[in-house]
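Structure record follows, encoded as structure tokens.
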Amino acid sequence: MKILIADDDPATRFILEDSLSEWEYEVISVSDGEQAWEVLHNEGPPRMAVIDWLMPGIDGVTLCKRVKEEKDKPFIYIILLTGKSDTEDVVEGLNAGADDFLKKPVDLSELRSRLAVGARTLKYEEMLLESERKVRVECYNALSALAEARDNETGQHLKRICLYSRLLSERLGMNRQFMKDIEIFSAMHDIGKVGIPDEILLAPRKLSSKEFEVMKTHTTLGYQILSGRTTFEMAEDIAHYHHEKFNGKGYPEGLKGEAIPMCGRIVALVDVYDALCSKRPYKESWSHADAVNLIKNEREEHFDPVVTDAFLKDE
């Protein structure tokens with residue numbers, strides 16, 4: 001586990017670095033509060049921190065307050081170190097957001113035990129978050145299925161989109177977490193259609209220009225449904241951007257090229273492919289070959305050329 005040490009005393013830092021490394025923690029060590037704040041905002045920040053109360057710049061108590069005020073960031077377990085021992089000092093530190101409190105000079109055996117408590121707390125928090133995440137995924141999938149049912153589609157469309165998105169991500173060499181997330185969240189691409197009126201969503205004909213403008217709002221509606229949920233950022237992007245085009249002529253934002261998130265570029269292609277190959281009230285299904293030819297012709301126009309080439313591999 002990665003852990004931050006922030007202390008302006010070199011001797012204390014050396015002792016803590018040596019001990020924590022021996023206990024098999026991955027240690028990041030800094031000498032003041034500004035450096036600590038920066039580390040905690042880097043990608044993949046430490047989930048535990050041992051912070052001195054009195055440091056130049058941002059002191060430990062102020063740092064605790066700032067960290068705990070960031071509601072959209074992962075929980076960080078903070079142990080505050082200080083020479084202070086009065087009850088009011090302990091209360092001040094804990095009220096600032098410290099999760100534990102150790103007096104200097106640090107007893108290493110006690111520190112090790114406190115860190116073990118912190119690790120158990122983080123593990124429990126991760127279990128709760130994963131449980132909450134699963135409930136949200138199930139709720140959003142139910143909404144997506146409802147939108148799909150209203151659009152005269154079947155659950156098989158969602159399953160195919162998930163499968164195609166994962167396979168295409170694998171061909172593109174995306175990391176395991178990306179592939180796992182896109183397989184889950186691509187099913188939510190049209191979740192915003194729950195807010196589209198039936199007379200437009202179910203029209204068995206080509207939509208008028210005015211009706212199409214209403215239909216286009218399903219992207220922003222989907223974004224609004226999914227936004228503000230930690231770990232659901234990819235779902236937001238997919239719902240919001242899967243109708244953007246590589247040439248900048250898509251909607252809702254008219255993003256161009258790599259300004260469109262990769263997940264949006266992937267789902268844009270697989271959604272079009274599956275729609276072409278599916279029978280709809282207003283069209284017959286296309287053959288695989290015809291759908292592939294359209295995608296070839298739309299390379300660099302509708303679709304990202306890199307994503308397109310990965311899709312066309314072995315065709």
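Convention: chains lettered A, B, ... in structure tokens order; per-chain residue numbering from 1; ligands numbered from 1 as shown.
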I want to know what sits within 8 Å of A:Val267, based on only C-alpha atoms, with residues of the same chain fewer than 4 positions away left out; could you give that as a list of chain:residue names?
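Residues near the query, excluding close chain neighbours: A:Ile161, A:Ser165, A:Ser186, A:His189, A:Ile238, A:His242, A:Cys263, A:Asp271.
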Please list as a ChimeraX atom specification every residue within 12 Å of A:Leu20, counting only C-alpha atoms and excluding residues in the same chain fewer than 3 positions away.
/A:1-5,13-17,23-29,48-50,108-109,111-113,115-116
Using only C-alpha atoms, determine which residues lie at most 12 Å from stretch 66-69 of chain A, disregarding the query and same-chain residues fewer than 6 positions distant; provide the list as a PyMOL selection string.
chain A and resi 33-34+36-41+45+47-49+51+58-60+75-78+94-99
Only N, CA and C atoms, please: the residues just picked out, written as a compact mmCIF listing (two decimals), in the first residue's frame.
# COMPACT_ATOMS: atom_id res chain seq x y z
N GLY A 33 3.91 20.97 3.96
CA GLY A 33 2.50 20.77 3.63
C GLY A 33 2.17 20.98 2.17
N GLU A 34 2.85 21.95 1.51
CA GLU A 34 2.59 22.20 0.09
C GLU A 34 2.93 20.97 -0.75
N ALA A 36 3.05 17.91 0.33
CA ALA A 36 2.09 16.86 0.67
C ALA A 36 0.78 17.04 -0.09
N TRP A 37 0.30 18.29 -0.15
CA TRP A 37 -0.94 18.59 -0.88
C TRP A 37 -0.81 18.21 -2.35
N GLU A 38 0.36 18.50 -2.92
CA GLU A 38 0.59 18.16 -4.33
C GLU A 38 0.58 16.65 -4.55
N VAL A 39 1.24 15.91 -3.66
CA VAL A 39 1.27 14.45 -3.78
C VAL A 39 -0.14 13.87 -3.71
N LEU A 40 -0.95 14.41 -2.81
CA LEU A 40 -2.30 13.90 -2.63
C LEU A 40 -3.22 14.23 -3.80
N HIS A 41 -2.74 15.07 -4.73
CA HIS A 41 -3.52 15.40 -5.92
C HIS A 41 -2.92 14.83 -7.19
N PRO A 45 -3.16 8.73 -5.83
CA PRO A 45 -2.54 9.24 -4.60
C PRO A 45 -2.49 8.18 -3.51
N ARG A 47 -3.39 6.35 -0.10
CA ARG A 47 -4.66 6.28 0.62
C ARG A 47 -4.44 6.42 2.13
N MET A 48 -3.16 6.45 2.55
CA MET A 48 -2.84 6.67 3.96
C MET A 48 -1.76 7.74 4.05
N ALA A 49 -1.77 8.53 5.14
CA ALA A 49 -0.78 9.58 5.32
C ALA A 49 -0.43 9.74 6.79
N ILE A 51 1.21 12.60 8.98
CA ILE A 51 1.46 14.03 8.77
C ILE A 51 1.80 14.71 10.09
N ILE A 58 1.76 25.00 4.77
CA ILE A 58 0.49 24.41 5.23
C ILE A 58 0.79 23.48 6.40
N ASP A 59 0.22 23.75 7.57
CA ASP A 59 0.47 22.86 8.70
C ASP A 59 -0.43 21.64 8.62
N GLY A 60 -0.18 20.68 9.50
CA GLY A 60 -0.89 19.40 9.44
C GLY A 60 -2.39 19.52 9.62
N PHE A 75 -11.30 8.56 -0.03
CA PHE A 75 -11.02 8.71 1.40
C PHE A 75 -9.54 8.44 1.67
N ILE A 76 -8.90 9.33 2.44
CA ILE A 76 -7.50 9.17 2.82
C ILE A 76 -7.43 9.09 4.34
N TYR A 77 -6.83 8.01 4.83
CA TYR A 77 -6.72 7.80 6.28
C TYR A 77 -5.49 8.56 6.77
N ILE A 78 -5.69 9.53 7.67
CA ILE A 78 -4.62 10.43 8.11
C ILE A 78 -4.31 10.22 9.59
N LEU A 94 -8.57 15.99 15.65
CA LEU A 94 -9.60 15.06 15.18
C LEU A 94 -10.74 15.80 14.49
N ASN A 95 -11.10 16.98 15.01
CA ASN A 95 -12.16 17.77 14.38
C ASN A 95 -11.73 18.29 13.01
N ALA A 96 -10.42 18.46 12.83
CA ALA A 96 -9.91 18.93 11.53
C ALA A 96 -10.00 17.84 10.47
N GLY A 97 -10.19 16.59 10.91
CA GLY A 97 -10.31 15.51 9.93
C GLY A 97 -9.29 14.41 10.09
N ALA A 98 -8.39 14.53 11.07
CA ALA A 98 -7.44 13.45 11.32
C ALA A 98 -8.22 12.21 11.78
N ASP A 99 -7.77 11.04 11.33
CA ASP A 99 -8.43 9.79 11.71
C ASP A 99 -7.78 9.15 12.93
Just how far from atom CA of A:Arg136 is atom CA of A:Tyr273, in Å to one decimal?
28.0 Å
Would you please work out which residue, of A:Glu125, A:Asp198, A:Glu130, A:Asp52, is nearest to A:Lys103 when using only C-alpha atoms?
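So, comparing all the options, the nearest one is A:Asp52.
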Please identify the strand (DSSP E or B) residues within stretch 9-216 of chain A (assignment by DSSP from backbone atoms) and present them as a list of chain:residue names.
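So, restricting stretch 9-216 of chain A to strand (DSSP E or B), we get A:Glu26, A:Val27, A:Ile28, A:Ser29, A:Val30, A:Met48, A:Ala49, A:Val50, A:Ile51, A:Asp52, A:Tyr77, A:Ile78, A:Ile79, A:Leu80, A:Leu81, A:Thr82, A:Asp100, A:Phe101, A:Leu102, A:Lys103.
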Using only C-alpha atoms, which residues sit within 10 Å of A:Thr308 once same-chain residues fewer than 4 positions away are excluded, as a PyMOL selection string?
chain A and resi 168+265-266+269-270+292+295-296+298-300+302-304+312-313
Can you measure atom CA of A:Ala268 to atom CA of A:Lys193 for me? One decimal in Å is fine.
16.1 Å
